[in-house]
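Asks: I'm passing along work17.cif; it holds mmCIF, N, CA, C and O atoms.
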```cif
data_coords
#
loop_
_atom_site.label_atom_id
_atom_site.label_comp_id
_atom_site.auth_asym_id
_atom_site.auth_seq_id
_atom_site.Cartn_x
_atom_site.Cartn_y
_atom_site.Cartn_z
N MET A 1 85.30 105.74 99.05
CA MET A 1 86.26 104.70 98.69
C MET A 1 87.19 104.47 99.86
O MET A 1 87.72 105.40 100.44
N ARG A 2 87.37 103.23 100.20
CA ARG A 2 88.34 102.88 101.24
C ARG A 2 89.74 103.08 100.69
O ARG A 2 90.00 102.84 99.52
N PRO A 3 90.66 103.52 101.55
CA PRO A 3 92.02 103.76 101.05
C PRO A 3 92.72 102.47 100.62
O PRO A 3 92.48 101.39 101.16
N ILE A 4 93.57 102.60 99.63
CA ILE A 4 94.47 101.53 99.20
C ILE A 4 95.80 101.81 99.87
O ILE A 4 96.33 102.91 99.78
N VAL A 5 96.34 100.80 100.55
CA VAL A 5 97.60 100.98 101.27
C VAL A 5 98.59 99.92 100.81
O VAL A 5 98.29 98.72 100.84
N PHE A 6 99.74 100.37 100.36
CA PHE A 6 100.83 99.47 100.00
C PHE A 6 101.97 99.71 100.99
O PHE A 6 102.51 100.81 101.06
N LEU A 7 102.28 98.68 101.76
CA LEU A 7 103.40 98.77 102.71
C LEU A 7 104.65 98.27 102.00
O LEU A 7 104.77 97.09 101.69
N HIS A 8 105.55 99.18 101.73
CA HIS A 8 106.78 98.87 101.01
C HIS A 8 107.79 98.23 101.97
O HIS A 8 108.24 98.87 102.90
N LEU A 9 108.11 97.00 101.72
CA LEU A 9 109.15 96.31 102.48
C LEU A 9 110.46 96.43 101.70
O LEU A 9 110.47 96.28 100.48
N PRO A 10 111.56 96.69 102.38
CA PRO A 10 112.84 96.84 101.67
C PRO A 10 113.18 95.60 100.82
O PRO A 10 112.93 94.47 101.22
N LYS A 11 113.71 95.87 99.65
CA LYS A 11 114.20 94.84 98.72
C LYS A 11 113.10 93.92 98.20
O LYS A 11 113.30 92.74 97.97
N THR A 12 111.88 94.47 97.99
CA THR A 12 110.78 93.66 97.48
C THR A 12 110.12 94.31 96.26
O THR A 12 108.93 94.13 96.03
N ALA A 13 110.86 95.07 95.49
CA ALA A 13 110.38 95.74 94.27
C ALA A 13 109.29 96.77 94.58
O ALA A 13 108.44 97.05 93.75
N GLY A 14 109.33 97.33 95.73
CA GLY A 14 108.33 98.32 96.13
C GLY A 14 108.35 99.58 95.29
O GLY A 14 107.31 100.18 95.05
N GLN A 15 109.51 99.98 94.83
CA GLN A 15 109.60 101.17 93.99
C GLN A 15 108.85 100.95 92.68
O GLN A 15 108.19 101.85 92.17
N ALA A 16 108.91 99.75 92.14
CA ALA A 16 108.17 99.43 90.91
C ALA A 16 106.67 99.51 91.15
O ALA A 16 105.92 100.02 90.31
N VAL A 17 106.21 99.05 92.30
CA VAL A 17 104.79 99.14 92.63
C VAL A 17 104.38 100.60 92.77
O VAL A 17 103.33 101.01 92.27
N ARG A 18 105.20 101.38 93.42
CA ARG A 18 104.91 102.82 93.58
C ARG A 18 104.84 103.51 92.21
O ARG A 18 103.95 104.33 91.97
N MET A 19 105.74 103.18 91.31
CA MET A 19 105.71 103.76 89.97
C MET A 19 104.43 103.36 89.23
O MET A 19 103.82 104.18 88.53
N PHE A 20 104.00 102.12 89.42
CA PHE A 20 102.74 101.66 88.82
C PHE A 20 101.56 102.46 89.36
O PHE A 20 100.69 102.90 88.60
N LEU A 21 101.52 102.65 90.67
CA LEU A 21 100.43 103.42 91.27
C LEU A 21 100.43 104.86 90.76
O LEU A 21 99.36 105.41 90.45
N ASN A 22 101.60 105.45 90.66
CA ASN A 22 101.71 106.83 90.15
C ASN A 22 101.20 106.94 88.71
O ASN A 22 100.62 107.96 88.33
N ALA A 23 101.43 105.92 87.92
CA ALA A 23 101.01 105.94 86.53
C ALA A 23 99.53 105.58 86.35
O ALA A 23 98.93 105.91 85.33
N SER A 24 98.94 104.92 87.35
CA SER A 24 97.59 104.38 87.21
C SER A 24 96.49 105.23 87.83
O SER A 24 95.32 105.02 87.52
N PHE A 25 96.85 106.13 88.72
CA PHE A 25 95.84 106.91 89.44
C PHE A 25 96.15 108.40 89.35
O PHE A 25 97.32 108.79 89.22
N PRO A 26 95.13 109.23 89.44
CA PRO A 26 95.37 110.68 89.45
C PRO A 26 96.26 111.08 90.64
O PRO A 26 96.11 110.55 91.74
N LYS A 27 97.17 111.99 90.39
CA LYS A 27 98.13 112.40 91.41
C LYS A 27 97.45 112.92 92.67
O LYS A 27 97.97 112.75 93.77
N ARG A 28 96.28 113.54 92.55
CA ARG A 28 95.60 114.11 93.71
C ARG A 28 95.15 113.04 94.71
O ARG A 28 94.90 113.33 95.86
N LEU A 29 95.05 111.79 94.27
CA LEU A 29 94.63 110.70 95.15
C LEU A 29 95.79 110.09 95.93
O LEU A 29 95.58 109.41 96.92
N LEU A 30 97.02 110.31 95.45
CA LEU A 30 98.20 109.68 96.04
C LEU A 30 98.77 110.54 97.17
O LEU A 30 99.07 111.71 96.98
N PHE A 31 98.93 109.93 98.33
CA PHE A 31 99.56 110.63 99.44
C PHE A 31 101.02 110.89 99.07
O PHE A 31 101.72 109.98 98.64
N PRO A 32 101.50 112.15 99.23
CA PRO A 32 102.85 112.47 98.75
C PRO A 32 104.00 111.93 99.59
O PRO A 32 105.12 111.84 99.11
N GLY A 33 103.74 111.54 100.83
CA GLY A 33 104.82 111.06 101.69
C GLY A 33 105.00 109.56 101.62
O GLY A 33 104.17 108.83 101.07
N GLN A 34 106.12 109.09 102.19
CA GLN A 34 106.41 107.66 102.17
C GLN A 34 106.83 107.11 103.54
O GLN A 34 107.17 105.93 103.64
N LEU A 35 106.81 107.95 104.57
CA LEU A 35 107.28 107.54 105.89
C LEU A 35 106.25 107.89 106.97
O LEU A 35 105.41 108.76 106.77
N ASP A 36 106.36 107.23 108.12
CA ASP A 36 105.49 107.55 109.25
C ASP A 36 105.58 109.03 109.62
O ASP A 36 104.56 109.65 109.94
N SER A 37 106.78 109.58 109.56
CA SER A 37 106.94 110.99 109.93
C SER A 37 106.17 111.91 108.97
O SER A 37 105.74 112.99 109.36
N HIS A 38 105.97 111.48 107.73
CA HIS A 38 105.17 112.26 106.78
C HIS A 38 103.69 112.18 107.15
O HIS A 38 102.99 113.19 107.09
N LEU A 39 103.22 111.00 107.53
CA LEU A 39 101.83 110.86 107.96
C LEU A 39 101.54 111.73 109.17
O LEU A 39 100.48 112.33 109.28
N ALA A 40 102.50 111.81 110.08
CA ALA A 40 102.31 112.55 111.33
C ALA A 40 102.15 114.05 111.09
O ALA A 40 101.65 114.75 111.98
N LEU A 41 102.53 114.55 109.94
CA LEU A 41 102.41 115.98 109.64
C LEU A 41 100.99 116.39 109.27
O LEU A 41 100.68 117.57 109.20
N TYR A 42 100.11 115.41 109.02
CA TYR A 42 98.75 115.68 108.56
C TYR A 42 97.74 115.31 109.64
O TYR A 42 97.92 114.35 110.38
N SER A 43 96.65 116.04 109.69
CA SER A 43 95.55 115.66 110.58
C SER A 43 94.79 114.49 109.94
O SER A 43 94.91 114.25 108.72
N VAL A 44 94.00 113.81 110.74
CA VAL A 44 93.22 112.68 110.22
C VAL A 44 92.29 113.16 109.11
O VAL A 44 92.15 112.51 108.07
N SER A 45 91.66 114.30 109.30
CA SER A 45 90.75 114.81 108.27
C SER A 45 91.51 115.17 106.99
O SER A 45 90.99 114.97 105.89
N ASP A 46 92.73 115.69 107.11
CA ASP A 46 93.53 115.99 105.92
C ASP A 46 93.93 114.71 105.18
O ASP A 46 93.97 114.69 103.95
N LEU A 47 94.23 113.66 105.93
CA LEU A 47 94.62 112.40 105.30
C LEU A 47 93.48 111.78 104.50
O LEU A 47 93.71 111.06 103.53
N ARG A 48 92.25 112.09 104.87
CA ARG A 48 91.10 111.51 104.18
C ARG A 48 90.94 112.01 102.75
O ARG A 48 90.19 111.44 101.98
N GLN A 49 91.65 113.05 102.38
CA GLN A 49 91.57 113.53 101.00
C GLN A 49 92.35 112.63 100.03
O GLN A 49 92.18 112.71 98.82
N TYR A 50 93.19 111.76 100.59
CA TYR A 50 93.99 110.83 99.77
C TYR A 50 93.37 109.44 99.81
O TYR A 50 92.82 109.01 100.81
N SER A 51 93.49 108.72 98.72
CA SER A 51 92.94 107.37 98.63
C SER A 51 94.01 106.30 98.52
O SER A 51 93.73 105.13 98.71
N ILE A 52 95.25 106.70 98.20
CA ILE A 52 96.31 105.72 97.99
C ILE A 52 97.54 106.13 98.78
O ILE A 52 98.03 107.25 98.67
N PHE A 53 98.02 105.18 99.58
CA PHE A 53 99.20 105.39 100.41
C PHE A 53 100.20 104.31 100.09
O PHE A 53 99.88 103.13 100.13
N ALA A 54 101.41 104.70 99.76
CA ALA A 54 102.46 103.73 99.43
C ALA A 54 103.76 104.20 100.05
O ALA A 54 104.22 105.30 99.78
N GLY A 55 104.32 103.36 100.91
CA GLY A 55 105.58 103.75 101.52
C GLY A 55 105.97 102.82 102.66
O GLY A 55 105.39 101.76 102.85
N HIS A 56 106.97 103.26 103.41
CA HIS A 56 107.49 102.50 104.55
C HIS A 56 106.73 102.94 105.80
O HIS A 56 107.26 103.65 106.65
N PHE A 57 105.47 102.51 105.90
CA PHE A 57 104.61 102.88 107.02
C PHE A 57 104.51 101.73 108.01
O PHE A 57 104.62 100.57 107.66
N SER A 58 104.27 102.09 109.27
CA SER A 58 104.01 101.06 110.28
C SER A 58 102.49 100.88 110.41
O SER A 58 101.72 101.79 110.11
N TRP A 59 102.08 99.72 110.87
CA TRP A 59 100.66 99.46 111.05
C TRP A 59 100.04 100.45 112.03
O TRP A 59 98.91 100.87 111.84
N ALA A 60 100.76 100.80 113.06
CA ALA A 60 100.22 101.72 114.08
C ALA A 60 99.84 103.06 113.47
O ALA A 60 98.79 103.63 113.80
N MET A 61 100.66 103.60 112.59
CA MET A 61 100.35 104.88 111.96
C MET A 61 99.18 104.76 110.99
O MET A 61 98.43 105.70 110.79
N LEU A 62 99.00 103.59 110.39
CA LEU A 62 97.94 103.42 109.42
C LEU A 62 96.56 103.30 110.06
O LEU A 62 95.55 103.44 109.38
N ASP A 63 96.50 103.06 111.36
CA ASP A 63 95.21 102.99 112.05
C ASP A 63 94.42 104.27 111.88
O ASP A 63 93.19 104.25 111.88
N CYS A 64 95.08 105.39 111.71
CA CYS A 64 94.37 106.66 111.56
C CYS A 64 93.69 106.78 110.20
O CYS A 64 92.89 107.70 109.99
N LEU A 65 93.94 105.88 109.27
CA LEU A 65 93.33 105.95 107.95
C LEU A 65 91.96 105.29 107.90
O LEU A 65 91.21 105.50 106.96
N GLY A 66 91.64 104.49 108.88
CA GLY A 66 90.33 103.85 108.90
C GLY A 66 90.28 102.53 108.20
O GLY A 66 91.14 102.05 107.56
#
```
Hey, can you dump this file as structure tokens for me?
Replies:
Amino acid sequence: MRPIVFLHLPKTAGQAVRMFLNASFPKRLLFPGQLDSHLALYSVSDLRQYSIFAGHFSWAMLDCLG
């Protein structure tokens, strides 16, 4: 499965979208971080265990997700 990525832009109801994702998918599929610095703590192979990413990420950091 290709990852689902939601880029949360400030003041655009992003928290509501994140709550929807949390309620709709198993917790093991959701990446626990919400910032680029959180992504940087994981190796590319470790990130592949997650299918859903939601947060304040930059496009450059998301390139490692494929």
Asks: Looking only at helix (DSSP H, G or I) from DSSP on the backbone, list the matching residues of stretch 16-58 of chain A as a PyMOL selection string.
Replies: chain A and resi 16-24+27-29+36-39+44-47
Asks: Write the residues you've just listed into a file as a CSV table (one decimal), keeping the file's coordinate frame, and include N, CA, C and O atoms for each of them.
Replies:
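Dumped everything to selection.csv:
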```csv
chain,number,residue,atom,x,y,z
A,16,ALA,N,108.9,99.8,92.1
A,16,ALA,CA,108.2,99.4,90.9
A,16,ALA,C,106.7,99.5,91.2
A,16,ALA,O,105.9,100.0,90.3
A,17,VAL,N,106.2,99.0,92.3
A,17,VAL,CA,104.8,99.1,92.6
A,17,VAL,C,104.4,100.6,92.8
A,17,VAL,O,103.3,101.0,92.3
A,18,ARG,N,105.2,101.4,93.4
A,18,ARG,CA,104.9,102.8,93.6
A,18,ARG,C,104.8,103.5,92.2
A,18,ARG,O,104.0,104.3,92.0
A,19,MET,N,105.7,103.2,91.3
A,19,MET,CA,105.7,103.8,90.0
A,19,MET,C,104.4,103.4,89.2
A,19,MET,O,103.8,104.2,88.5
A,20,PHE,N,104.0,102.1,89.4
A,20,PHE,CA,102.7,101.7,88.8
A,20,PHE,C,101.6,102.5,89.4
A,20,PHE,O,100.7,102.9,88.6
A,21,LEU,N,101.5,102.6,90.7
A,21,LEU,CA,100.4,103.4,91.3
A,21,LEU,C,100.4,104.9,90.8
A,21,LEU,O,99.4,105.4,90.4
A,22,ASN,N,101.6,105.4,90.7
A,22,ASN,CA,101.7,106.8,90.2
A,22,ASN,C,101.2,106.9,88.7
A,22,ASN,O,100.6,108.0,88.3
A,23,ALA,N,101.4,105.9,87.9
A,23,ALA,CA,101.0,105.9,86.5
A,23,ALA,C,99.5,105.6,86.4
A,23,ALA,O,98.9,105.9,85.3
A,24,SER,N,98.9,104.9,87.4
A,24,SER,CA,97.6,104.4,87.2
A,24,SER,C,96.5,105.2,87.8
A,24,SER,O,95.3,105.0,87.5
A,27,LYS,N,97.2,112.0,90.4
A,27,LYS,CA,98.1,112.4,91.4
A,27,LYS,C,97.4,112.9,92.7
A,27,LYS,O,98.0,112.8,93.8
A,28,ARG,N,96.3,113.5,92.6
A,28,ARG,CA,95.6,114.1,93.7
A,28,ARG,C,95.2,113.0,94.7
A,28,ARG,O,94.9,113.3,95.9
A,29,LEU,N,95.0,111.8,94.3
A,29,LEU,CA,94.6,110.7,95.2
A,29,LEU,C,95.8,110.1,95.9
A,29,LEU,O,95.6,109.4,96.9
A,36,ASP,N,106.4,107.2,108.1
A,36,ASP,CA,105.5,107.6,109.2
A,36,ASP,C,105.6,109.0,109.6
A,36,ASP,O,104.6,109.6,109.9
A,37,SER,N,106.8,109.6,109.6
A,37,SER,CA,106.9,111.0,109.9
A,37,SER,C,106.2,111.9,109.0
A,37,SER,O,105.7,113.0,109.4
A,38,HIS,N,106.0,111.5,107.7
A,38,HIS,CA,105.2,112.3,106.8
A,38,HIS,C,103.7,112.2,107.2
A,38,HIS,O,103.0,113.2,107.1
A,39,LEU,N,103.2,111.0,107.5
A,39,LEU,CA,101.8,110.9,108.0
A,39,LEU,C,101.5,111.7,109.2
A,39,LEU,O,100.5,112.3,109.3
A,44,VAL,N,94.0,113.8,110.7
A,44,VAL,CA,93.2,112.7,110.2
A,44,VAL,C,92.3,113.2,109.1
A,44,VAL,O,92.2,112.5,108.1
A,45,SER,N,91.7,114.3,109.3
A,45,SER,CA,90.8,114.8,108.3
A,45,SER,C,91.5,115.2,107.0
A,45,SER,O,91.0,115.0,105.9
A,46,ASP,N,92.7,115.7,107.1
A,46,ASP,CA,93.5,116.0,105.9
A,46,ASP,C,93.9,114.7,105.2
A,46,ASP,O,94.0,114.7,104.0
A,47,LEU,N,94.2,113.7,105.9
A,47,LEU,CA,94.6,112.4,105.3
A,47,LEU,C,93.5,111.8,104.5
A,47,LEU,O,93.7,111.1,103.5
```
Asks: Restricting the calculation to only C-alpha atoms, which member of A:Ala16, A:Leu9, A:Met61, A:Leu21 is positioned closest to A:Ser43?
Replies: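 Of A:Ala16, A:Leu9, A:Met61, A:Leu21, the one nearest A:Ser43, counting only C-alpha atoms, is A:Met61.
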Asks: Just to confirm, what's the straight-line distance from atom N of A:Lys27 to atom CA of A:Phe53 in Å (one decimal)?
Replies: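 Spanning atom N of A:Lys27 to atom CA of A:Phe53 is a straight-line distance of 12.2 Å.
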Asks: Given the file shown, determine the residues that the PyMOL selection byres (((chain A and resi 63 and name CA) around 12) and name CA) selects; report them as an NGL selection string.
Replies: :A and (3 or 5 or 36 or 39-40 or 44 or 47 or 57-62 or 64-66)
Asks: Which distance in Å separates atom CA of A:Arg28 and atom CA of A:Asp46, to one decimal?
Replies: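 Distance reported for this atom pair: 12.5 Å.
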Asks: Would you list the contacts of A:Pro32 as a list of chain:residue names, taking every protein, DNA or RNA residue within 8 Å and counting only N, CA, C and O atoms, but skipping same-chain residues closer than 2 positions in sequence?
Replies: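 Within the cut-off, the hits are A:Lys27, A:Arg28, A:Leu29, A:Leu30, A:Gln34, A:Leu35, A:His38, A:Tyr50, A:Ile52, A:Phe53, A:Ala54.
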Asks: Record the distance separating atom O of A:Lys11 and atom N of A:Leu41, expressed in Å with one decimal.
Replies: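 Result for atom O of A:Lys11 versus atom N of A:Leu41: 27.1 Å, one decimal.
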Asks: Counting all atoms listed in the file, which of A:Arg48, A:Ala13, A:Gly55, A:Phe20 gets nearest to A:Gly33?
Replies: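 Closest to A:Gly33 of all the choices is A:Gly55.
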Asks: Select, from A:Phe31, A:Ser24, A:Gln15, A:Pro10, the residue with the minimum atom-to-atom distance to A:Gln49, counting all atoms listed in the file.
Replies: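 Using all atoms listed in the file, the shortest distance to A:Gln49 belongs to A:Phe31.
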Asks: Give the strand (DSSP E) residues of chain A, as DSSP finds them on the backbone, and put them as a list in words.
Replies: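 Output for chain A, strand (DSSP E) only: Ile4, Val5, Phe6, Leu7, Ile52, Phe53, Ala54 and Gly55 of chain A.
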